[in-house]
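Asks: Structure file coords05.csv (CSV, C-alpha atoms) is given on the next line.
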chain,number,residue,atom,x,y,z
A,21,MET,CA,-32.7,-16.7,-18.1
A,22,THR,CA,-29.0,-17.0,-19.1
A,23,ASN,CA,-26.5,-15.1,-16.8
A,24,ARG,CA,-23.5,-13.3,-18.1
A,25,VAL,CA,-21.1,-16.1,-17.1
A,26,GLU,CA,-23.0,-18.6,-19.2
A,27,GLU,CA,-23.0,-16.2,-22.1
A,28,ALA,CA,-19.3,-15.7,-21.9
A,29,GLY,CA,-18.5,-19.4,-21.8
A,30,VAL,CA,-16.6,-21.7,-19.5
A,31,GLU,CA,-13.4,-19.7,-19.7
A,32,GLU,CA,-15.0,-16.9,-17.6
A,33,ALA,CA,-15.0,-19.3,-14.6
A,34,GLY,CA,-11.3,-19.9,-14.6
A,35,GLU,CA,-9.1,-18.4,-11.8
A,36,ALA,CA,-7.2,-16.1,-14.1
A,37,ALA,CA,-10.5,-14.6,-15.6
A,38,VAL,CA,-12.0,-14.2,-12.1
A,39,LEU,CA,-8.8,-12.6,-10.8
A,40,ALA,CA,-8.9,-10.1,-13.7
A,41,ARG,CA,-12.6,-9.4,-13.0
A,42,ILE,CA,-11.9,-8.8,-9.3
A,43,THR,CA,-9.0,-6.5,-10.2
A,44,LYS,CA,-11.2,-4.5,-12.5
A,45,ALA,CA,-13.8,-4.2,-9.8
A,46,LEU,CA,-11.1,-3.1,-7.3
A,47,ASP,CA,-10.1,-0.3,-9.8
A,48,THR,CA,-13.7,0.9,-9.7
A,49,VAL,CA,-14.0,0.7,-5.9
A,50,LEU,CA,-10.6,2.2,-5.1
A,51,GLY,CA,-10.5,4.8,-7.8
A,52,ASP,CA,-7.3,6.9,-7.6
A,53,CYS,CA,-6.1,4.6,-4.8
A,54,ALA,CA,-6.2,1.5,-6.9
A,55,PRO,CA,-3.0,-0.5,-7.1
A,56,ASP,CA,-0.9,-0.6,-10.3
A,57,PRO,CA,-2.0,-3.1,-13.0
A,58,GLY,CA,-0.6,-6.5,-12.1
A,59,ALA,CA,0.0,-5.6,-8.5
A,60,VAL,CA,-3.1,-7.5,-7.3
A,61,THR,CA,-2.3,-11.2,-6.9
A,62,MET,CA,-4.0,-14.2,-5.3
A,63,GLU,CA,-2.0,-13.4,-2.1
A,64,THR,CA,-3.1,-9.8,-1.9
A,65,ARG,CA,-5.1,-9.1,1.3
A,66,PHE,CA,-8.1,-6.9,1.0
A,67,VAL,CA,-7.7,-5.2,4.4
A,68,GLU,CA,-3.9,-5.3,5.1
A,69,ASP,CA,-2.7,-4.6,1.5
A,70,LEU,CA,-5.5,-2.7,-0.1
A,71,ASP,CA,-6.9,-0.9,3.0
A,72,LEU,CA,-10.4,-1.9,2.1
A,73,GLU,CA,-13.1,-1.1,4.7
A,74,SER,CA,-16.3,-3.0,5.1
A,75,ILE,CA,-18.3,-0.6,2.9
A,76,ASP,CA,-15.7,-1.1,0.2
A,77,LEU,CA,-16.2,-4.9,0.3
A,78,VAL,CA,-19.9,-4.3,0.0
A,79,VAL,CA,-19.4,-2.2,-3.1
A,80,LEU,CA,-16.9,-4.7,-4.5
A,81,THR,CA,-19.2,-7.6,-4.1
A,82,GLY,CA,-22.1,-5.6,-5.5
A,83,ASP,CA,-20.0,-5.0,-8.7
A,84,LEU,CA,-19.1,-8.7,-8.8
A,85,ARG,CA,-22.7,-9.8,-8.3
A,86,ALA,CA,-23.6,-7.7,-11.3
A,87,ALA,CA,-21.1,-9.7,-13.3
A,88,TYR,CA,-21.8,-13.2,-11.9
A,89,GLY,CA,-25.4,-13.1,-10.9
A,90,ASP,CA,-27.0,-15.1,-8.2
A,91,ARG,CA,-24.8,-18.1,-8.8
A,92,VAL,CA,-22.2,-16.6,-6.4
A,93,ASP,CA,-23.6,-16.1,-2.8
A,94,PHE,CA,-21.4,-13.3,-1.5
A,95,PRO,CA,-23.5,-12.5,1.6
A,96,GLY,CA,-23.5,-16.1,2.5
A,97,TYR,CA,-19.8,-16.5,2.0
A,98,PHE,CA,-19.0,-13.5,4.2
A,99,ALA,CA,-21.5,-14.6,6.8
A,100,SER,CA,-19.7,-18.0,7.0
A,101,LEU,CA,-16.4,-16.3,7.9
A,102,GLU,CA,-15.1,-15.3,11.4
A,103,LEU,CA,-14.0,-11.7,11.8
A,104,SER,CA,-10.3,-12.7,11.8
A,105,GLU,CA,-10.9,-14.6,8.5
A,106,ILE,CA,-12.5,-11.5,6.9
A,107,ILE,CA,-9.6,-9.3,8.1
A,108,GLY,CA,-7.1,-11.8,6.6
A,109,LEU,CA,-9.2,-12.4,3.4
A,110,THR,CA,-7.1,-12.6,0.3
A,111,VAL,CA,-8.1,-12.1,-3.3
A,112,GLY,CA,-7.3,-15.7,-3.8
A,113,HIS,CA,-9.9,-16.8,-1.3
A,114,LEU,CA,-12.5,-14.8,-3.1
A,115,VAL,CA,-11.4,-16.0,-6.5
A,116,ARG,CA,-11.7,-19.6,-5.4
A,117,HIS,CA,-15.1,-19.0,-3.9
A,118,VAL,CA,-16.3,-17.5,-7.2
A,119,VAL,CA,-14.8,-20.3,-9.3
A,120,GLU,CA,-16.3,-23.0,-7.1
A,121,SER,CA,-19.7,-21.3,-7.1
A,122,LEU,CA,-19.8,-21.2,-10.9
A,123,ARG,CA,-19.0,-24.9,-11.3
Would you encode the structure as structure tokens?
Replies:
Amino acid sequence: MTNRVEEAGVEEAGEAAVLARITKALDTVLGDCAPDPGAVTMETRFVEDLDLESIDLVVLTGDLRAAYGDRVDFPGYFASLELSEIIGLTVGHLVRHVVESLR
């Protein structure tokens, strides 16, 4: 069975495309509280800058799993992090995890 990333082609696995996909997912998760377009960067922190709570991260990764399928192990990734790393997690950390998982 072909997943959506394979159908979209190699470009979908680039950092810019993954950043755009995460930004789109954040818009869904945060709704009216979503940052302005272009405000989310690789350095944006989920907790400190976006005020995401743990349930928001669960919803976010659920949305991303729908896009990237089983090739990206979000639960395993978060389980490998210490609490302080989760608190300081940036969008860039997640982008790089997705890109590396899709290679």
Asks: Please identify all polymer residues within 12 Å of Gly82 in chain A, counting only C-alpha atoms, omitting same-chain residues fewer than 3 positions from it, and present them as a list in words.
Replies: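 The neighbour list is Ile42, Ala45, Leu46, Thr48, Val49, Ile75, Asp76, Leu77, Val78, Val79, Arg85, Ala86, Ala87, Tyr88, Gly89, Asp90, Val92, Asp93, Phe94 and Pro95 of chain A.
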Asks: Any idea what the distance is between CA of His113 in chain A and CA of Tyr97 in chain A?
Replies: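 Pair CA of His113 in chain A / CA of Tyr97 in chain A returns 10.4 Å.
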Asks: Go ahead and compute the interatomic distance for CA of Leu39 in chain A and CA of Val115 in chain A, in Å to one decimal.
Replies: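 The value is 6.1 Å.
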Asks: In Å, how far is it from CA of Val67 in chain A to CA of Leu109 in chain A?
Replies: 7.4 Å
Asks: Taking (-7.3, -15.5, -7.9) in the file's coordinates as the center, which residues reach within 8 Å of it, counting only C-alpha atoms, put as JSON, numbers by chain?
Replies: {"A": [35, 36, 38, 39, 61, 62, 111, 112, 113, 114, 115, 116]}
Asks: Under the rule that all atoms listed in the file are counted, which of A:Ala99, A:Arg41, A:Glu105, A:Leu50 is the nearest residue to Leu70 in chain A?
Replies: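 Closest residue, counting all atoms listed in the file: A:Leu50.
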